[in-house]
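Data first, discussion second: the structure below is written as structure tokens.
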Amino acid sequence: MTKSDIPPDIVGLSFIRKLGRGGYADVFLYDQATPQRKVAVKVLRETGLSAATIDRFTAEANAMARLEHPYIVPVYTTGTTVDHRPYLAMMYYPRPSLAERARAERFSVAETLKLGIQLGAAVETAHRAGLLHRDIKPANVLTDAYGRPGLTDFGIAGQLAAGDEDDVGVSVPWSPPETLYATAPASVRSDVYSLAATLWHLLVGRSPFEVPGGENTPFALMRRIRDVPAPSTGRADVPASLDRLLRAAMGKDAAVRPSSAFEFVGALQAIEQEMRLPRTPLELASAEHHSNQARAYDGGDRTQVRAPQRISPDSALPPVIPASSAASEADPAAQETRRSHRPVAPIAAYDEHVIGETVLRGAPDSSEVPAVPPAPRTRSILVVAVGLAVVGVLVGIGWVVVTQPQPQRPDPTASVTAPPPDVDQPMPPPGTPMVKCTRKSTLVRCSWTYSNALPDDQFEWRPAGSNQRIPTKKASVSFTSHSPACIEVRVIRKDGSYVANDWTKGCSK
């Protein structure tokens with residue numbers, strides 16, 4: 001038994017067994033005396049650690065304690081072991097993590113979508129509290145006794161506004177290129193990338209850029225994550241919309257990914273609807289709760305979500321209750337009338353009597369109904385004659401209409417000149433750009449064209465021979481140069497499905 005396997009003595013806790021180990025801490029299962037329950041205890045592995053490591057561990061405890069969500073592992077308490085090592089006690093999740101399950105089974109599309117929505121809500125909750133996770137992966141999603149997920153291990157979590165560039169040891173297979181190569185600070189879209197990579201892993205059984213039987217060292221994975229477009233899952237039961245979403249969320253350029261976990265979850269819910277699956281609810285606290293929980297994070301463009309409201313389709317229609325309710329309640333016909341008619345103004349109580357097709361309000365008085373004298377016989381004969389004449393005219397008009405030749409109606413299908421496009425067919429990759437540069441005095445303007453262009457394609461350009469990568473959404477650039485200038489260009493699909501490996505060169509005179 002190694003030193004790290006020896007459970008530390010903690011007042012009020014009785015050791016049961018070891019659960020696992022992380023980068024700088026071990027996790028043990030203890031029995032807590034008061035209140036009595038099992039707890040998972042994370043303990044720093046060594047004594048005499050640096051102040052930075054202890055501060056990071058304390059930050060994890062504070063971060064998790066601040067976050068209240070059904071799918072985030074709650075922290076119960078923190079303290080110090082008998083040998084002076086910091087620890088935090090968390091809720092115990094007895095069932096296998098998603099990493100353990102992914103080694104033994106393939107997740108269904110329905111369960112993957114559900115987990116993505118639940119974990120996305122947890123990530124959005126952390127972001128609204130001003131925290132990034134920065135290490136989302138299958139091993140950091142635990143499972144409670146009821147099969148519900150719990151996101152844990154905020155050990156490298158950082159403040160959204162802190163701009164912490166310290167090397168915090170991210171997990172390579174599920175991390176975006178900007179954090180692996182330190183080309184940009186971690187952001188909300190970095191967590192979206194890792195969440196998408198985690199869902200891809202659940203569907204396939206391995207991380208997205210791992211090659212079965214190939215070289216899968218951290219350096220080999222880092223190169224693929226930087227240079228190779230995100231792959232398809234290759235599963236026939238995965239809809240094309242989900243494949244496209246996961247590839248877009250794992251785009252090399254953070255700008256092409258969903259802008260937030262909230263947006264990513266909305267896309268997952270739309271795919272659920274497309275597949276006619278039960279809708280997984282998005283569980284988020286009200287905006288008022290988040291503003292009280294994290295007043296220090298004042299993001300001007302943060303999405304505000306109101307508390308859920310349920311509106312019945314019939315709630316706007318008040319029940320129709322006539323004054324003589326006793327009689328109407330006993331009368332089924334009256335009840336049906338109340339259900340199918342809407343009053344437009346209060347109606348005073350009165351009796352109704354039906355005579356023929358006329359509804360008379362109030363008590364009828366036969367003396368007020370004048371007697372109708374019989375019509376003379378000559379008038380009846382005249383009426384019949386006029387009626388016959390009218391019928392004859394109508395018959396004549398009908399005959400003329402029927403016998404006239406009808407104009408030729410156009411075939412409603414004649415305007416269809418080609419079959420509708422198959423939306424599931426993959427779009428061919430863009431062709432090689434043709435770059436043309438012109439000069440006017442010191443102003444150089446370069447533009448490019450290529451085949452299979454899409455309106456939302458994006459580009460990168462750079463001065464020829466340099467290592468710069470300047471993004472642009474237009475197929476042209478202008479710059480000042482006093483001498484002949486050359487640029488290089490490449491095309492990037494917005495959904496992340498294609499990034500050109502080669503650059504195309506163009507020069508001005």
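We label chains A, B, ... in the order they appear in the structure tokens, count residues from 1 in each chain, and number ligands from 1 in the order shown.
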For Leu67 (chain A), list every protein, DNA or RNA residue within 9 Å, evaluated using only C-alpha atoms, and leave out those in the same chain fewer than 6 positions away; present the list as a list in words.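 Once the adjacent positions are removed, what remains is Val73, Pro74, Ala122, Thr125, Ala126, Ala129 and Gln293 of chain A.
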Grab the residues selected above and save them as a CSV table (one decimal), in the first residue's frame with C-alpha atoms.
```csv
chain,number,residue,atom,x,y,z
A,73,VAL,CA,-22.1,17.7,-7.2
A,74,PRO,CA,-22.8,19.6,-4.0
A,122,ALA,CA,-25.1,22.9,-15.2
A,125,THR,CA,-25.3,27.9,-14.3
A,126,ALA,CA,-21.5,28.0,-13.6
A,129,ALA,CA,-22.0,32.6,-11.6
A,293,GLN,CA,-25.5,34.7,-6.3
```
Sorted by chain and rising residue number, which residues of region 47-149 of chain A lie within 9 Å of region 242-260 of chain A, and what are their closest atom pairs and distances in Å to one decimal, counting only C-alpha atoms, as JSON lines?
```
{"residue": "A:Leu113", "atom": "CA", "partner": "A:Leu242", "partner_atom": "CA", "distance": 9.0}
{"residue": "A:Glu124", "atom": "CA", "partner": "A:Ser260", "partner_atom": "CA", "distance": 7.5}
{"residue": "A:His127", "atom": "CA", "partner": "A:Ser260", "partner_atom": "CA", "distance": 8.8}
```
At what distance in Å, to one decimal, does CA of Leu115 (chain A) lie from CA of Thr280 (chain A)?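 Calculated distance between CA of Thr280 (chain A) and CA of Leu115 (chain A) is 9.1 Å.
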Determine the nearest neighbour of Gly22 (chain A) from the options A:Leu268, A:Leu151, A:Ala139, A:Ala61, counting only C-alpha atoms.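 Answer, going by the shortest atom-to-atom distance: A:Ala139.
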Name the closest residue to Ser194 (chain A) among the candidates A:Tyr181, A:Phe107, A:Phe57, A:Trp174; distances are taken between atoms, counting only C-alpha atoms.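 That would be A:Trp174, the residue with the smallest distance to Ser194 (chain A).
By only C-alpha atoms, and with residues fewer than 6 positions from Cys486 (chain A) along its chain excluded, the set lying at most 7 Å from it is Pro463, Ala464, Lys505, Gly506, Cys507 and Ser508 of chain A.
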Have a look at A:Ala230, A:Leu203, A:Ala197, A:Leu282 and name the one nearest to Lys137 (chain A); count only C-alpha atoms.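 Among A:Ala230, A:Leu203, A:Ala197, A:Leu282, it is A:Ala197 that comes nearest to Lys137 (chain A).
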7 Å contact set for Pro96 (chain A), only C-alpha atoms, chain neighbours under 2 positions out, as an MDAnalysis selection string: chainID A and resid 94 98 100:101 142:143
Would you save the residues from that selection as a short mmCIF file (atom, residue, chain, number, x, y, z; two decimals), in the first residue's frame, using N, CA and C atoms?
```cif
data_model
loop_
_atom_site.label_atom_id
_atom_site.label_comp_id
_atom_site.auth_asym_id
_atom_site.auth_seq_id
_atom_site.Cartn_x
_atom_site.Cartn_y
_atom_site.Cartn_z
N PRO A 94 -22.78 6.91 -6.06
CA PRO A 94 -22.34 5.51 -6.00
C PRO A 94 -22.20 4.81 -7.35
N LEU A 98 -19.42 8.58 -16.23
CA LEU A 98 -19.66 8.41 -17.66
C LEU A 98 -18.45 7.79 -18.36
N GLU A 100 -16.46 5.47 -17.09
CA GLU A 100 -16.54 4.02 -16.86
C GLU A 100 -17.61 3.38 -17.72
N ARG A 101 -18.76 4.04 -17.83
CA ARG A 101 -19.84 3.49 -18.67
C ARG A 101 -19.44 3.47 -20.14
N LEU A 142 -20.18 12.29 -12.67
CA LEU A 142 -20.54 11.16 -11.81
C LEU A 142 -22.02 10.83 -11.99
N THR A 143 -22.46 9.72 -11.37
CA THR A 143 -23.86 9.29 -11.49
C THR A 143 -24.38 8.93 -10.11
#
```
Distance query Asn140 (chain A) at most 9 Å, only C-alpha atoms, self and fewer than 4 positions along chain excluded, as an MDAnalysis selection string: chainID A and resid 97:99 135:136 150:154
Keeping N, CA and C atoms for every residue in the selection just given, could you write it to a file as a PDB file, in the first residue's frame?
```pdb
ATOM      1  N   SER A  97     -19.050   6.510 -13.256  1.00  0.00           N
ATOM      2  CA  SER A  97     -18.966   7.766 -13.988  1.00  0.00           C
ATOM      3  C   SER A  97     -19.254   7.499 -15.464  1.00  0.00           C
ATOM      4  N   LEU A  98     -19.421   8.576 -16.231  1.00  0.00           N
ATOM      5  CA  LEU A  98     -19.659   8.408 -17.664  1.00  0.00           C
ATOM      6  C   LEU A  98     -18.454   7.786 -18.360  1.00  0.00           C
ATOM      7  N   ALA A  99     -17.248   8.036 -17.853  1.00  0.00           N
ATOM      8  CA  ALA A  99     -16.056   7.430 -18.451  1.00  0.00           C
ATOM      9  C   ALA A  99     -16.074   5.917 -18.273  1.00  0.00           C
ATOM     10  N   ASP A 135     -12.365  21.777 -17.534  1.00  0.00           N
ATOM     11  CA  ASP A 135     -11.920  20.376 -17.583  1.00  0.00           C
ATOM     12  C   ASP A 135     -13.124  19.437 -17.679  1.00  0.00           C
ATOM     13  N   ILE A 136     -14.081  19.775 -18.551  1.00  0.00           N
ATOM     14  CA  ILE A 136     -15.244  18.915 -18.742  1.00  0.00           C
ATOM     15  C   ILE A 136     -14.821  17.691 -19.539  1.00  0.00           C
ATOM     16  N   GLY A 150     -23.837  14.191 -12.317  1.00  0.00           N
ATOM     17  CA  GLY A 150     -23.336  15.252 -11.442  1.00  0.00           C
ATOM     18  C   GLY A 150     -21.975  15.712 -11.926  1.00  0.00           C
ATOM     19  N   LEU A 151     -21.876  16.970 -12.348  1.00  0.00           N
ATOM     20  CA  LEU A 151     -20.608  17.519 -12.824  1.00  0.00           C
ATOM     21  C   LEU A 151     -19.735  17.867 -11.627  1.00  0.00           C
ATOM     22  N   THR A 152     -18.509  17.406 -11.637  1.00  0.00           N
ATOM     23  CA  THR A 152     -17.616  17.606 -10.495  1.00  0.00           C
ATOM     24  C   THR A 152     -16.239  18.052 -10.970  1.00  0.00           C
ATOM     25  N   ASP A 153     -15.305  18.122 -10.013  1.00  0.00           N
ATOM     26  CA  ASP A 153     -13.904  18.457 -10.262  1.00  0.00           C
ATOM     27  C   ASP A 153     -13.749  19.825 -10.903  1.00  0.00           C
ATOM     28  N   PHE A 154     -14.137  20.839 -10.141  1.00  0.00           N
ATOM     29  CA  PHE A 154     -13.880  22.224 -10.539  1.00  0.00           C
ATOM     30  C   PHE A 154     -12.497  22.663 -10.056  1.00  0.00           C
TER      31      PHE A 154
END
```
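The gap separating CA of His201 (chain A) from CA of Pro429 (chain A) is 25.4 Å, in Å to one decimal.
Across the structure, CA of Thr183 (chain A) and CA of Pro428 (chain A) are spaced 29.9 Å apart.
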Can you list, as an MDAnalysis selection string, every residue of region 50-194 of chain A that DSSP puts in alpha helix (DSSP H)? chainID A and resid 51:66 98:104 109:128 177:180 188:194
Saved selection, atoms kept: C-alpha atoms, as a compact mmCIF listing (two decimals), in the first residue's frame:
```txt
# COMPACT_ATOMS: atom_id res chain seq x y z
CA ALA A 51 0.65 28.12 -1.44
CA ALA A 52 -0.53 28.14 -5.08
CA THR A 53 -1.69 24.50 -4.88
CA ILE A 54 -3.51 25.09 -1.61
CA ASP A 55 -5.11 28.23 -3.02
CA ARG A 56 -6.27 26.28 -6.08
CA PHE A 57 -7.77 23.56 -3.88
CA THR A 58 -9.52 26.19 -1.77
CA ALA A 59 -10.80 27.84 -4.95
CA GLU A 60 -12.33 24.52 -6.02
CA ALA A 61 -14.16 24.18 -2.71
CA ASN A 62 -15.44 27.73 -2.92
CA ALA A 63 -16.45 27.36 -6.56
CA MET A 64 -18.45 24.18 -6.00
CA ALA A 65 -20.01 25.51 -2.80
CA ARG A 66 -21.29 28.59 -4.68
CA LEU A 98 -19.66 8.41 -17.66
CA ALA A 99 -16.06 7.43 -18.45
CA GLU A 100 -16.54 4.02 -16.86
CA ARG A 101 -19.84 3.49 -18.67
CA ALA A 102 -18.36 4.57 -22.03
CA ARG A 103 -15.72 1.85 -21.73
CA ALA A 104 -18.41 -0.80 -21.39
CA VAL A 109 -28.75 9.02 -29.09
CA ALA A 110 -31.71 9.76 -26.83
CA GLU A 111 -29.66 9.39 -23.61
CA THR A 112 -26.79 11.41 -25.06
CA LEU A 113 -29.12 14.29 -25.94
CA LYS A 114 -30.68 14.16 -22.47
CA LEU A 115 -27.28 14.17 -20.75
CA GLY A 116 -26.11 17.01 -22.98
CA ILE A 117 -29.09 19.16 -22.01
CA GLN A 118 -28.71 18.38 -18.30
CA LEU A 119 -24.96 19.00 -18.24
CA GLY A 120 -25.34 22.05 -20.47
CA ALA A 121 -27.70 23.55 -17.90
CA ALA A 122 -25.09 22.87 -15.19
CA VAL A 123 -22.35 24.52 -17.27
CA GLU A 124 -24.59 27.51 -18.04
CA THR A 125 -25.26 27.86 -14.29
CA ALA A 126 -21.50 27.97 -13.62
CA HIS A 127 -20.97 30.53 -16.38
CA ARG A 128 -23.72 32.78 -15.02
CA PRO A 177 -6.84 24.14 -29.37
CA GLU A 178 -6.76 27.62 -27.84
CA THR A 179 -6.21 26.21 -24.33
CA LEU A 180 -3.76 23.52 -25.48
CA VAL A 188 -17.35 30.14 -22.36
CA ARG A 189 -16.90 28.67 -25.85
CA SER A 190 -13.98 26.58 -24.56
CA ASP A 191 -16.33 24.84 -22.13
CA VAL A 192 -18.84 24.37 -24.97
CA TYR A 193 -16.10 22.62 -26.98
CA SER A 194 -15.31 20.25 -24.10
```
So, counting only C-alpha atoms, which residue among A:Pro138, A:Glu488, A:Ala240, A:Val11 is closest to Thr80 (chain A)? A:Val11
